[in-house]
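Peer 1: Just target-v2.txt, nothing more (compact mmCIF, C-alpha atoms and all ligand atoms):
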```
# COMPACT_ATOMS: atom_id res chain seq x y z
CA MET V 1 23.60 3.37 -11.38
CA TYR V 2 19.98 3.91 -12.30
CA GLY V 3 20.84 6.31 -15.13
CA THR V 4 23.06 3.61 -16.61
CA GLU V 5 20.36 0.99 -16.21
CA VAL V 6 17.57 3.15 -17.64
CA PRO V 7 18.89 5.82 -20.04
CA ALA V 8 15.39 7.37 -20.43
CA TYR V 9 15.70 8.36 -16.77
CA THR V 10 18.59 10.63 -17.68
CA THR V 11 16.41 12.35 -20.28
CA LEU V 12 13.71 12.86 -17.69
CA VAL V 13 16.20 14.42 -15.28
CA GLU V 14 17.55 16.72 -18.03
CA VAL V 15 14.09 17.89 -19.02
CA SER V 16 13.14 18.37 -15.36
CA GLU V 17 16.19 20.55 -14.81
CA GLU V 18 15.35 22.62 -17.91
CA VAL V 19 11.78 23.09 -16.74
CA ASN V 20 12.96 24.14 -13.27
CA ARG V 21 15.50 26.61 -14.65
CA ASP V 22 12.89 28.20 -16.92
CA PHE V 23 10.34 28.34 -14.13
CA LEU V 24 12.87 30.05 -11.90
CA SER V 25 13.70 32.71 -14.48
CA ARG V 26 10.02 33.27 -15.22
CA ARG V 27 8.88 33.50 -11.61
CA GLY V 28 11.92 34.81 -9.73
CA ASP V 29 12.05 34.37 -5.94
CA ASP V 30 8.46 33.23 -5.78
CA ALA V 31 9.51 30.05 -7.61
CA GLU V 32 11.34 28.87 -4.51
CA ARG V 33 8.34 29.23 -2.20
CA LEU V 34 8.05 25.44 -1.85
CA GLY V 35 11.76 24.65 -1.65
CA SER V 36 15.08 26.07 -2.76
CA ILE V 37 16.15 25.27 -6.29
CA ASP V 38 19.13 23.36 -4.87
CA ARG V 39 16.89 21.13 -2.84
CA VAL V 40 14.35 20.65 -5.63
CA THR V 41 17.11 19.75 -8.10
CA ALA V 42 18.56 17.12 -5.77
CA GLU V 43 15.23 15.77 -4.64
CA ARG V 44 14.08 12.26 -5.64
CA HIS V 45 11.83 9.48 -4.65
CA GLY V 46 12.50 5.89 -5.57
CA ALA V 47 10.29 2.84 -5.51
CA ILE V 48 11.25 -0.68 -4.59
CA ARG V 49 9.24 -3.84 -4.04
CA VAL V 50 10.10 -6.69 -1.68
CA GLY V 51 8.52 -10.10 -1.25
CA SER V 52 8.20 -10.96 2.41
CA PRO V 53 8.07 -9.65 5.98
CA THR V 54 11.70 -10.76 6.44
CA GLU V 55 12.81 -8.72 3.43
CA LEU V 56 10.82 -5.68 4.56
CA ALA V 57 12.39 -5.81 8.02
CA GLN V 58 15.84 -6.04 6.43
CA VAL V 59 15.38 -3.14 4.04
CA ALA V 60 14.15 -1.04 6.98
CA ARG V 61 17.54 -1.62 8.64
CA VAL V 62 19.34 -0.48 5.49
CA PHE V 63 17.28 2.72 5.27
CA ALA V 64 17.62 3.44 9.00
CA ALA V 65 21.37 3.76 8.45
CA PHE V 66 20.59 6.70 6.13
CA GLY V 67 18.21 8.35 8.60
CA MET V 68 15.18 7.17 6.65
CA HIS V 69 12.24 5.86 8.67
CA PRO V 70 8.89 4.33 7.71
CA VAL V 71 6.11 6.90 7.36
CA GLY V 72 2.51 6.12 6.47
CA PHE V 73 0.67 3.00 5.39
CA TYR V 74 -0.77 2.45 1.93
CA ASP V 75 -2.95 -0.53 1.07
CA LEU V 76 -2.96 -0.69 -2.71
CA ARG V 77 -4.83 -3.99 -2.94
CA ASP V 78 -8.20 -2.26 -3.08
CA ALA V 79 -7.12 1.06 -4.54
CA SER V 80 -7.61 0.09 -8.17
CA ALA V 81 -9.52 -2.29 -10.39
CA ALA V 82 -6.29 -3.95 -11.51
CA SER V 83 -4.61 -6.60 -9.43
CA VAL V 84 -1.94 -4.98 -7.23
CA PRO V 85 -1.17 -7.39 -4.35
CA VAL V 86 1.00 -5.12 -2.18
CA VAL V 87 0.93 -3.02 0.98
CA SER V 88 3.39 -0.17 1.29
CA THR V 89 5.10 2.44 3.40
CA ALA V 90 7.62 5.17 2.54
CA PHE V 91 11.07 5.49 4.10
CA ARG V 92 12.20 9.08 4.55
CA PRO V 93 13.86 11.53 6.95
CA ILE V 94 11.35 12.76 9.51
CA THR V 95 12.50 16.21 10.61
CA GLY V 96 12.70 19.49 8.69
CA PRO V 97 16.51 19.85 8.95
CA GLU V 98 17.10 16.19 7.98
CA LEU V 99 14.79 16.54 4.98
CA ALA V 100 16.59 19.70 3.90
CA GLU V 101 19.84 17.76 3.90
CA ASN V 102 18.54 14.50 2.49
CA PRO V 103 15.36 15.03 0.43
CA PHE V 104 14.91 11.38 -0.50
CA ARG V 105 12.10 8.95 -0.01
CA VAL V 106 11.68 5.39 -1.10
CA PHE V 107 8.16 4.08 -1.62
CA THR V 108 8.49 0.48 -0.47
CA SER V 109 5.94 -2.18 -1.24
CA MET V 110 5.67 -5.67 0.19
CA LEU V 111 3.98 -8.47 -1.71
CA THR V 112 0.99 -9.92 0.12
CA ALA V 113 1.94 -13.44 -0.86
CA ASP V 114 -0.57 -14.93 1.59
CA ASP V 115 -3.63 -13.10 0.26
CA PRO V 116 -6.02 -15.72 -1.18
CA ARG V 117 -7.74 -13.16 -3.39
CA PHE V 118 -4.64 -13.19 -5.57
CA PHE V 119 -2.89 -16.53 -5.05
CA THR V 120 -4.14 -20.09 -4.81
CA PRO V 121 -2.89 -22.11 -1.81
CA ASP V 122 -0.46 -23.90 -4.12
CA GLN V 123 0.87 -20.61 -5.52
CA GLN V 124 1.16 -19.15 -2.02
CA GLN V 125 3.32 -22.07 -1.02
CA ARG V 126 5.58 -21.94 -4.08
CA LEU V 127 5.91 -18.15 -3.74
CA GLN V 128 6.89 -18.39 -0.10
CA GLU V 129 9.44 -21.09 -0.86
CA PHE V 130 10.94 -19.05 -3.69
CA LEU V 131 11.14 -15.93 -1.52
CA ALA V 132 12.59 -17.79 1.46
CA SER V 133 15.39 -19.18 -0.69
CA ARG V 134 16.72 -15.83 -1.89
CA THR V 135 18.87 -13.24 -0.09
CA LEU V 136 18.31 -9.61 -1.07
CA PHE V 137 20.45 -8.04 1.60
CA PRO V 138 23.69 -9.83 2.55
CA ASP V 139 24.67 -10.10 6.22
CA GLY V 140 27.66 -7.79 5.70
CA LEU V 141 25.34 -5.01 4.50
CA LEU V 142 22.89 -5.44 7.38
CA GLU V 143 25.67 -5.50 9.99
CA LEU V 144 27.24 -2.30 8.67
CA ALA V 145 23.83 -0.66 8.47
CA ASP V 146 23.05 -1.55 12.09
CA GLN V 147 26.44 -0.27 13.15
CA ALA V 148 25.85 3.05 11.35
CA THR V 149 22.47 3.41 13.04
CA ARG V 150 23.86 2.52 16.47
CA ASP V 151 26.92 4.77 16.27
CA GLY V 152 25.32 7.61 14.33
CA GLY V 153 27.76 7.15 11.44
CA LEU V 154 30.72 5.14 10.18
CA GLU V 155 34.42 5.64 9.57
CA ASP V 156 35.22 6.61 5.97
CA GLY V 157 36.18 3.15 4.73
CA ASP V 158 33.15 1.50 6.29
CA ALA V 159 30.87 4.25 4.99
CA GLU V 160 32.14 3.60 1.45
CA GLN V 161 31.60 -0.10 1.94
CA LEU V 162 28.04 0.47 3.17
CA LEU V 163 27.26 2.57 0.10
CA THR V 164 28.77 -0.01 -2.25
CA LEU V 165 26.85 -2.90 -0.70
CA ALA V 166 23.59 -0.95 -0.46
CA THR V 167 23.80 0.20 -4.08
CA ALA V 168 24.54 -3.35 -5.25
CA ALA V 169 21.48 -4.63 -3.39
CA PHE V 170 19.25 -2.45 -5.59
CA GLU V 171 21.01 -3.21 -8.86
CA LEU V 172 19.28 -5.16 -11.59
CA SER V 173 20.38 -8.80 -11.52
CA ASP V 174 21.53 -10.62 -14.65
CA GLU V 175 20.52 -13.99 -13.21
CA PRO V 176 18.22 -15.79 -15.68
CA VAL V 177 14.52 -15.39 -14.98
CA ASP V 178 12.50 -18.63 -14.82
CA HIS V 179 10.16 -18.09 -17.76
CA SER V 180 7.21 -20.27 -16.80
CA TRP V 181 7.21 -19.10 -13.17
CA TYR V 182 7.42 -15.44 -14.22
CA ARG V 183 4.56 -15.80 -16.71
CA GLU V 184 2.42 -17.71 -14.21
CA LEU V 185 2.78 -14.90 -11.69
CA GLU V 186 2.28 -12.28 -14.39
CA ALA V 187 -1.13 -13.78 -15.17
CA VAL V 188 -2.07 -12.96 -11.56
CA SER V 189 -0.36 -9.57 -11.47
CA ALA V 190 2.60 -7.99 -13.25
CA VAL V 191 3.65 -6.56 -9.89
CA ALA V 192 3.68 -10.04 -8.34
CA ALA V 193 5.91 -11.28 -11.19
CA ASP V 194 8.27 -8.33 -10.76
CA ILE V 195 8.62 -9.18 -7.07
CA GLY V 196 8.29 -12.94 -6.75
CA GLY V 197 9.45 -13.96 -10.21
CA VAL V 198 13.03 -12.68 -10.03
CA ALA V 199 15.96 -13.31 -7.73
CA THR V 200 16.58 -9.78 -6.45
CA THR V 201 14.88 -6.47 -5.89
CA HIS V 202 15.71 -3.39 -7.95
CA ILE V 203 14.85 0.27 -8.25
CA ASN V 204 11.58 0.32 -10.15
CA HIS V 205 11.65 4.07 -10.80
CA LEU V 206 13.45 7.14 -9.54
CA THR V 207 11.43 10.30 -9.64
CA PRO V 208 12.77 13.85 -9.95
CA ARG V 209 10.78 16.83 -8.74
CA VAL V 210 9.66 19.60 -11.07
CA LEU V 211 8.21 23.01 -10.38
CA ASP V 212 5.85 22.91 -13.39
CA ILE V 213 4.59 19.46 -14.24
CA ASP V 214 2.27 20.62 -17.03
CA GLU V 215 5.25 22.10 -18.85
CA LEU V 216 7.29 18.94 -18.23
CA TYR V 217 4.47 16.83 -19.68
CA ARG V 218 4.36 18.99 -22.83
CA ARG V 219 8.12 18.88 -23.31
CA MET V 220 8.36 15.11 -22.89
CA GLU V 221 5.56 14.59 -25.43
CA ALA V 222 7.32 17.01 -27.77
CA ARG V 223 10.37 14.76 -27.54
CA GLY V 224 8.23 11.88 -28.70
CA ILE V 225 7.93 10.20 -25.30
CA THR V 226 4.35 9.09 -24.69
CA MET V 227 3.19 9.93 -21.20
CA ILE V 228 0.22 8.32 -19.43
CA ASP V 229 -3.09 9.99 -20.30
CA GLU V 230 -3.50 12.22 -17.29
CA ILE V 231 -1.49 13.86 -14.59
CA GLN V 232 -2.45 12.12 -11.33
CA GLY V 233 -3.60 14.07 -8.28
CA PRO V 234 -4.70 17.72 -8.11
CA PRO V 235 -5.48 19.66 -11.32
CA ALA V 236 -3.55 22.66 -12.63
CA TRP V 237 -5.20 25.78 -11.20
CA GLU V 238 -4.53 29.35 -10.13
CA GLY V 239 -4.37 28.67 -6.38
CA PRO V 240 -1.56 27.13 -4.31
CA ASP V 241 -0.16 23.73 -5.18
CA VAL V 242 -1.20 21.13 -2.63
CA LEU V 243 -0.13 17.56 -1.99
CA LEU V 244 1.32 15.88 -5.01
CA ARG V 245 0.86 15.83 -8.79
CA GLN V 246 2.53 13.01 -10.69
CA THR V 247 2.85 11.66 -14.18
CA SER V 248 4.84 8.90 -15.80
CA PHE V 249 5.79 7.34 -19.09
CA ARG V 250 4.99 3.71 -19.66
CA ALA V 251 7.47 1.03 -18.80
CA LEU V 252 9.86 0.37 -21.65
CA SER V 253 10.49 -3.08 -22.96
CA GLU V 254 13.84 -4.27 -21.58
CA GLU V 255 15.88 -7.26 -22.57
CA ARG V 256 16.49 -9.87 -19.86
CA THR V 257 17.89 -13.37 -19.83
CA PHE V 258 15.33 -16.14 -19.31
CA ARG V 259 15.52 -19.83 -18.54
CA PHE V 260 12.87 -21.31 -20.81
CA GLU V 261 10.65 -24.35 -20.27
CA ASP V 262 12.90 -26.56 -22.42
CA GLY V 263 15.94 -25.73 -20.28
CA THR V 264 17.55 -23.33 -22.77
CA ILE V 265 18.76 -19.93 -21.67
CA GLY V 266 18.24 -16.95 -23.90
CA PRO V 267 17.00 -13.39 -24.28
CA GLY V 268 13.43 -12.27 -23.74
CA SER V 269 11.76 -9.05 -22.76
CA LEU V 270 10.11 -7.54 -19.71
CA ARG V 271 8.25 -4.33 -19.06
CA VAL V 272 8.49 -3.17 -15.48
CA ARG V 273 10.56 -0.05 -15.07
CA PHE V 274 9.15 3.31 -16.00
CA GLY V 275 9.84 7.00 -15.64
CA GLU V 276 7.90 9.23 -13.29
CA VAL V 277 8.06 12.88 -12.35
CA GLU V 278 6.29 14.87 -9.67
CA GLN V 279 5.39 18.33 -8.47
CA ARG V 280 4.97 18.80 -4.74
CA GLY V 281 2.68 21.22 -2.92
CA ILE V 282 1.54 22.17 0.55
CA ALA V 283 0.92 19.38 3.09
CA LEU V 284 -2.75 19.24 4.03
CA THR V 285 -4.06 18.90 7.59
CA PRO V 286 -6.62 16.16 8.33
CA ALA V 287 -9.34 18.75 7.60
CA GLY V 288 -7.64 19.66 4.31
CA ARG V 289 -7.27 16.03 3.39
CA GLU V 290 -10.93 15.37 4.13
CA LEU V 291 -11.86 18.21 1.80
CA TYR V 292 -9.47 16.80 -0.82
CA ASP V 293 -11.10 13.37 -0.59
CA GLN V 294 -14.56 14.94 -0.85
CA MET V 295 -13.46 16.86 -3.92
CA LEU V 296 -12.17 13.64 -5.51
CA ALA V 297 -15.54 12.00 -4.90
CA GLU V 298 -17.31 15.03 -6.38
CA ILE V 299 -15.05 14.93 -9.46
CA ASP V 300 -15.88 11.22 -9.95
CA ARG V 301 -19.58 11.96 -9.56
CA ARG V 302 -19.57 14.79 -12.11
CA LYS V 303 -17.40 12.85 -14.51
CA ALA V 304 -19.82 9.92 -14.47
CA GLU V 305 -22.72 12.33 -14.97
CA THR V 306 -21.35 14.61 -17.68
CA GLY V 307 -18.54 12.59 -19.26
CA GLY V 308 -16.23 15.65 -19.40
CA THR V 309 -12.45 15.37 -19.02
CA ARG V 310 -11.26 14.79 -15.49
CA MET V 311 -8.92 17.80 -15.44
CA THR V 312 -11.57 20.29 -16.56
CA ILE V 313 -14.05 19.02 -14.02
CA ALA V 314 -11.37 18.88 -11.33
CA ARG V 315 -10.38 22.49 -11.89
CA ALA V 316 -14.00 23.63 -11.52
CA VAL V 317 -14.46 21.61 -8.33
CA TRP V 318 -11.25 23.07 -6.90
CA GLU V 319 -12.22 26.62 -7.71
CA GLU V 320 -15.53 26.12 -5.95
CA ASN V 321 -14.10 24.52 -2.81
CA LEU V 322 -10.49 25.36 -2.09
CA PRO V 323 -9.28 28.82 -1.03
CA ASN V 324 -7.08 30.18 -3.81
CA THR V 325 -4.46 31.74 -1.52
CA GLU V 326 -2.09 30.39 1.11
CA ALA V 327 -3.60 32.83 3.60
CA GLY V 328 -7.03 31.37 2.93
CA MET V 329 -5.75 27.84 3.42
CA LEU V 330 -4.09 28.83 6.70
CA GLU V 331 -7.17 30.63 7.96
CA ARG V 332 -9.39 27.62 7.30
CA GLY V 333 -6.87 25.23 8.85
CA LEU V 334 -6.48 23.25 5.63
CA GLY V 335 -2.69 23.35 5.19
CA TYR V 336 0.39 23.11 7.43
CA PHE V 337 2.62 26.17 7.85
CA THR V 338 5.60 27.05 10.01
CA PHE V 339 5.93 30.49 11.54
CA ASP V 340 8.91 32.85 11.67
CA LEU V 341 9.56 36.22 13.18
CA ALA V 342 9.51 38.99 10.57
CA LYS V 343 10.02 41.98 12.88
CA HIS V 344 10.16 42.56 16.60
CA PRO V 345 6.94 43.92 18.09
CA ALA V 346 7.07 47.14 20.09
CA ASP V 347 5.54 45.47 23.09
CA ILE V 348 3.68 42.28 23.66
CA GLY V 349 1.59 40.83 26.50
CA ASP V 350 1.73 37.46 28.24
CA THR V 351 -0.48 35.95 25.61
CA VAL V 352 -1.03 36.84 21.99
CA HIS V 353 -3.08 35.40 19.16
CA LEU V 354 -1.21 33.94 16.21
CA ARG V 355 -3.72 35.55 13.87
CA ASP V 356 -2.89 39.01 15.30
CA LEU V 357 0.85 38.41 14.92
CA LEU V 358 0.23 37.50 11.29
CA ALA V 359 -2.11 40.43 10.66
CA ASP V 360 0.42 42.87 12.14
CA GLY V 361 3.21 41.48 9.97
CA ILE V 362 5.23 40.43 13.03
CA VAL V 363 5.18 36.82 11.98
CA THR V 364 5.17 35.24 8.51
CA ALA V 365 3.82 31.83 7.54
CA THR V 366 5.76 29.43 5.30
CA PRO V 367 4.03 26.39 3.81
CA ILE V 368 5.27 22.90 4.72
CA VAL V 369 5.80 20.77 1.63
CA TYR V 370 4.01 17.43 1.37
CA GLU V 371 6.65 14.72 1.76
CA ASP V 372 4.45 11.67 1.30
CA PHE V 373 2.36 9.85 -1.31
CA LEU V 374 -1.26 9.47 -2.38
CA PRO V 375 -2.77 5.98 -2.47
CA ARG V 376 -4.96 6.69 -5.44
CA SER V 377 -2.12 8.19 -7.49
CA ALA V 378 0.15 5.31 -6.47
CA ALA V 379 -2.48 2.84 -7.65
CA GLY V 380 -2.89 4.84 -10.87
CA ILE V 381 0.88 4.78 -11.43
CA PHE V 382 1.03 1.03 -10.77
CA GLN V 383 -1.99 0.39 -12.97
CA SER V 384 -0.90 2.47 -15.93
CA ASN V 385 2.20 0.35 -16.09
CA LEU V 386 0.69 -3.07 -15.91
CA THR V 387 0.55 -5.18 -19.03
CA GLY V 388 -2.86 -6.59 -18.15
CA GLU V 389 -5.46 -6.35 -15.43
CA GLY V 390 -4.28 -9.62 -13.84
CA SER V 391 -6.74 -11.59 -11.78
CA LYS V 392 -8.31 -11.16 -8.38
CA ASP V 393 -10.87 -13.42 -6.72
CA THR V 394 -12.95 -10.90 -4.82
CA ALA V 395 -15.15 -13.66 -3.36
CA GLN V 396 -12.25 -14.59 -1.06
CA GLU V 397 -11.59 -12.86 2.24
CA GLY V 398 -8.42 -10.70 2.03
CA VAL V 399 -5.66 -10.83 4.65
CA ASP V 400 -6.04 -7.91 7.04
CA TYR V 401 -2.81 -5.91 6.73
CA LYS V 402 -2.81 -2.56 8.47
CA GLN V 403 -0.32 -0.04 9.80
CA GLU V 404 0.17 -1.94 13.09
CA VAL V 405 0.85 -5.18 11.25
CA LEU V 406 3.52 -3.53 9.11
CA SER V 407 5.02 -1.84 12.20
CA THR V 408 5.33 -5.22 13.89
CA ILE V 409 7.00 -6.66 10.80
CA ILE V 410 9.47 -3.76 10.61
CA GLY V 411 10.08 -3.84 14.35
CA THR V 412 9.63 -0.08 14.89
CA PRO V 413 6.42 1.94 14.80
CA ILE V 414 5.51 3.45 11.45
CA PHE V 415 5.30 7.23 11.85
CA ASP V 416 2.09 9.05 11.18
CA ALA V 417 2.70 11.79 8.61
CA TYR V 418 0.25 14.21 10.26
CA ASP V 419 2.15 13.93 13.56
CA LEU V 420 5.40 14.80 11.78
CA TYR V 421 3.96 17.88 10.05
CA GLN V 422 2.31 19.03 13.28
CA ALA V 423 5.63 18.62 15.13
CA GLN V 424 7.25 21.01 12.62
CA VAL V 425 4.48 23.56 13.23
CA ASP V 426 4.75 23.20 17.01
CA ASP V 427 8.54 23.54 16.94
CA SER V 428 8.30 26.79 15.03
CA LEU V 429 5.70 28.13 17.46
CA SER V 430 7.71 27.27 20.55
CA ARG V 431 10.78 28.93 19.05
CA LEU V 432 8.68 32.05 18.53
CA GLU V 433 7.31 31.90 22.06
CA ASN V 434 10.85 31.80 23.40
CA THR V 435 12.01 34.68 21.24
CA LEU V 436 9.00 36.85 22.06
CA ASN V 437 8.71 35.65 25.63
CA THR V 438 4.95 35.13 25.36
CA THR V 439 2.33 32.42 24.95
CA ILE V 440 0.91 32.15 21.44
CA LEU V 441 -2.73 31.17 21.12
CA THR V 442 -3.67 29.42 17.91
CA ASP V 443 -7.46 29.32 18.02
C1 LIG V 501 5.30 2.24 -6.52
C2 LIG V 501 4.17 3.08 -7.07
C3 LIG V 501 3.87 4.24 -6.15
C4 LIG V 501 4.21 6.74 -6.34
O1 LIG V 501 4.94 7.66 -6.70
O2 LIG V 501 3.03 6.92 -6.00
C5 LIG V 501 4.78 5.38 -6.33
C6 LIG V 501 5.79 1.16 -7.45
O3 LIG V 501 5.53 1.21 -8.65
O4 LIG V 501 6.47 0.27 -6.94
O5 LIG V 501 5.96 5.28 -6.51
NI NI V 502 6.63 6.87 -7.65
```
For the structure just supplied, provide its representation as structure tokens.
Ligand code: OOG
Ligand code: NI

Peer 2:
Amino acid sequence: MYGTEVPAYTTLVEVSEEVNRDFLSRRGDDAERLGSIDRVTAERHGAIRVGSPTELAQVARVFAAFGMHPVGFYDLRDASAASVPVVSTAFRPITGPELAENPFRVFTSMLTADDPRFFTPDQQQRLQEFLASRTLFPDGLLELADQATRDGGLEDGDAEQLLTLATAAFELSDEPVDHSWYRELEAVSAVAADIGGVATTHINHLTPRVLDIDELYRRMEARGITMIDEIQGPPAWEGPDVLLRQTSFRALSEERTFRFEDGTIGPGSLRVRFGEVEQRGIALTPAGRELYDQMLAEIDRRKAETGGTRMTIARAVWEENLPNTEAGMLERGLGYFTFDLAKHPADIGDTVHLRDLLADGIVTATPIVYEDFLPRSAAGIFQSNLTGEGSKDTAQEGVDYKQEVLSTIIGTPIFDAYDLYQAQVDDSLSRLENTLNTTILTD
């Protein structure tokens, strides 16, 4: 569906597959260190935007039917200079085996229609009325979704029906867009217009995963597709990939039908949907993430001081601060790894240190891939695709959205990503303890 809606997406997928194939033949087995080529080829994240707590709660029911649960909280309202009035979470599978089977995530943003920094009281009221009058997810879809969640699946016919209804809910609508309302919201924020100015939600982008994003960037530019200025997130460097690197091409102008001020209906154009691609690396522990955030601050500081390019400065900062091997990251507790038995030890006591098992080659460590998002990159991706800065009245007090508030709206707790990564580590360690019949000490 999305490839039909946005043909440039198909190009992006083709180029991503080429890049992955070439990377695989260049690097051999090592290329699959962070995921099998089958998984990486199938892997995607999508982004959608909804308008209200009711709509967010409903979409959560749709995703739950597919084993996708809310993970993490992102407040993008303060993450960039531009006006981005949304708070977000990501729906995804939460266990290793589920992720291996279904490597999909959907970054889901909810408009903060009641935040006075963005909307006047009059606009808040009109927005809420507009949003309350539309139905994104029909009852039939929600009932089937709940049934699938409750029963752990559906009969074939019902499963087909669920897929048909769910896909349709994310399809671009051809209902005419109210021109003056859309433009009024756009003056506040292009994101607000994309959410509150149209009758339905839609997939904003669908992002394939590549194993070499620098190469992807070069090849897209060589095809004449202008990418945003910089790859977001970590720089290219010799050490292990961590977290997430992303880049995108600017939203293309798309024809839509508008209802104009004089009552006529006719064509006009919008720019909201873009193409994005990403490279994923090792998930960082809280300590690793703290170091990452410090490095970002240091990069900003040096950039302001010297005026060099961000990527050159970033690489230098990384080389100074981050261990350039997986073993180094593991030793300093910066990244998450699972542990597997490599060979049976001759004999082992009641307790044993993990570091000794690793040193003796009895156990090997495998990095856990980062499955989530980065607020600053997300804000950068939003921002690079806005037509204008929009407006934001920073003198006003913002509405205090936080993870608990979003959990209450959704009706189930939002998972903490660190807890999920740690659970994967702990599972692997308890499996080892059972196999080796010992207690493994990790400090
Ligand atoms: C979501 C932007 C965030 C990412 O990859 O960081 C995102 C949006 O544009 O709706 O998708
Ligand atoms: Ni994205």

Peer 1: Please report, as a Markdown table, each residue of chain V lying at most 9 Å from ligand LIG 501 (chain V), together with the nearest pair of atoms and the separation in Å rounded to one decimal; use all atoms listed in the file, and order rows by chain and ascending residue number.

Peer 2:
```
| residue | atom | partner | partner_atom | distance |
| --- | --- | --- | --- | --- |
| V:His45 | CA | V:LIG501 | O1 | 7.4 |
| V:Gly46 | CA | V:LIG501 | O5 | 6.6 |
| V:Ala47 | CA | V:LIG501 | O4 | 4.8 |
| V:Ile48 | CA | V:LIG501 | O4 | 5.4 |
| V:Arg49 | CA | V:LIG501 | O4 | 5.7 |
| V:Ser88 | CA | V:LIG501 | C1 | 8.4 |
| V:Val106 | CA | V:LIG501 | O5 | 7.9 |
| V:Phe107 | CA | V:LIG501 | O5 | 5.5 |
| V:Thr108 | CA | V:LIG501 | O4 | 6.8 |
| V:Ser109 | CA | V:LIG501 | O4 | 6.2 |
| V:Val191 | CA | V:LIG501 | O4 | 8.0 |
| V:Ile203 | CA | V:LIG501 | O4 | 8.5 |
| V:Asn204 | CA | V:LIG501 | O4 | 6.0 |
| V:His205 | CA | V:LIG501 | O3 | 7.1 |
| V:Leu206 | CA | V:LIG501 | O5 | 8.3 |
| V:Thr207 | CA | V:LIG501 | O1 | 7.6 |
| V:Gln246 | CA | V:LIG501 | O1 | 7.1 |
| V:Thr247 | CA | V:LIG501 | O1 | 8.7 |
| V:Val272 | CA | V:LIG501 | O3 | 8.6 |
| V:Arg273 | CA | V:LIG501 | O3 | 8.3 |
| V:Phe274 | CA | V:LIG501 | O3 | 8.5 |
| V:Glu276 | CA | V:LIG501 | O1 | 7.4 |
| V:Val277 | CA | V:LIG501 | O1 | 8.3 |
| V:Glu278 | CA | V:LIG501 | O1 | 7.9 |
| V:Asp372 | CA | V:LIG501 | O2 | 8.8 |
| V:Phe373 | CA | V:LIG501 | O2 | 5.6 |
| V:Leu374 | CA | V:LIG501 | O2 | 6.2 |
| V:Pro375 | CA | V:LIG501 | O2 | 6.9 |
| V:Arg376 | CA | V:LIG501 | O2 | 8.0 |
| V:Ser377 | CA | V:LIG501 | O2 | 5.5 |
| V:Ala378 | CA | V:LIG501 | O2 | 3.3 |
| V:Ala379 | CA | V:LIG501 | C3 | 6.7 |
| V:Gly380 | CA | V:LIG501 | O2 | 7.9 |
| V:Ile381 | CA | V:LIG501 | C2 | 5.7 |
| V:Phe382 | CA | V:LIG501 | O3 | 5.0 |
| V:Gln383 | CA | V:LIG501 | O3 | 8.7 |
| V:Asn385 | CA | V:LIG501 | O3 | 8.2 |
```

Peer 1: I want to know what sits within 12 Å of Gln124 in chain V, based on all atoms listed in the file, with residues of the same chain fewer than 4 positions away left out; could you give that as a PDB file with C-alpha atoms, in the frame of the given file?

Peer 2:
```
ATOM      1  CA  GLY V  51       8.520 -10.100  -1.250  1.00  0.00           C
ATOM      2  CA  SER V  52       8.200 -10.960   2.410  1.00  0.00           C
ATOM      3  CA  LEU V 111       3.980  -8.470  -1.710  1.00  0.00           C
ATOM      4  CA  THR V 112       0.990  -9.920   0.120  1.00  0.00           C
ATOM      5  CA  ALA V 113       1.940 -13.440  -0.860  1.00  0.00           C
ATOM      6  CA  ASP V 114      -0.570 -14.930   1.590  1.00  0.00           C
ATOM      7  CA  ASP V 115      -3.630 -13.100   0.260  1.00  0.00           C
ATOM      8  CA  PRO V 116      -6.020 -15.720  -1.180  1.00  0.00           C
ATOM      9  CA  ARG V 117      -7.740 -13.160  -3.390  1.00  0.00           C
ATOM     10  CA  PHE V 118      -4.640 -13.190  -5.570  1.00  0.00           C
ATOM     11  CA  PHE V 119      -2.890 -16.530  -5.050  1.00  0.00           C
ATOM     12  CA  THR V 120      -4.140 -20.090  -4.810  1.00  0.00           C
ATOM     13  CA  GLN V 128       6.890 -18.390  -0.100  1.00  0.00           C
ATOM     14  CA  GLU V 129       9.440 -21.090  -0.860  1.00  0.00           C
ATOM     15  CA  PHE V 130      10.940 -19.050  -3.690  1.00  0.00           C
ATOM     16  CA  LEU V 131      11.140 -15.930  -1.520  1.00  0.00           C
ATOM     17  CA  LEU V 185       2.780 -14.900 -11.690  1.00  0.00           C
ATOM     18  CA  VAL V 188      -2.070 -12.960 -11.560  1.00  0.00           C
ATOM     19  CA  ALA V 192       3.680 -10.040  -8.340  1.00  0.00           C
ATOM     20  CA  GLY V 196       8.290 -12.940  -6.750  1.00  0.00           C
TER      21      GLY V 196
END
```

Peer 1: Of the candidates V:Val40, V:Arg105, V:Glu298, V:Arg27, which shows the shortest atom-to-atom distance to ligand NI 502 (chain V), using all atoms listed in the file?

Peer 2: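 Closest candidate: V:Arg105.
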
Peer 1: Using only C-alpha atoms and all ligand atoms, which of V:Gln123, V:Thr54, V:Asn437, V:Gln232 sits nearest ligand NI 502 (chain V)?

Peer 2: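 Of V:Gln123, V:Thr54, V:Asn437, V:Gln232, the one nearest ligand NI 502 (chain V), counting only C-alpha atoms and all ligand atoms, is V:Gln232.
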
Peer 1: Grab the CA of Asn434 in chain V to CA of Leu420 in chain V distance for me, in Å with one decimal place.

Peer 2: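 Taking CA of Asn434 in chain V as the start and CA of Leu420 in chain V as the end point, the length is 21.3 Å.
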
Peer 1: May I have the residues within 6 Å of range 63-71 of chain V as a count of residues only, using all atoms listed in the file and disregarding those fewer than 3 positions away in the same chain?

Peer 2: 11
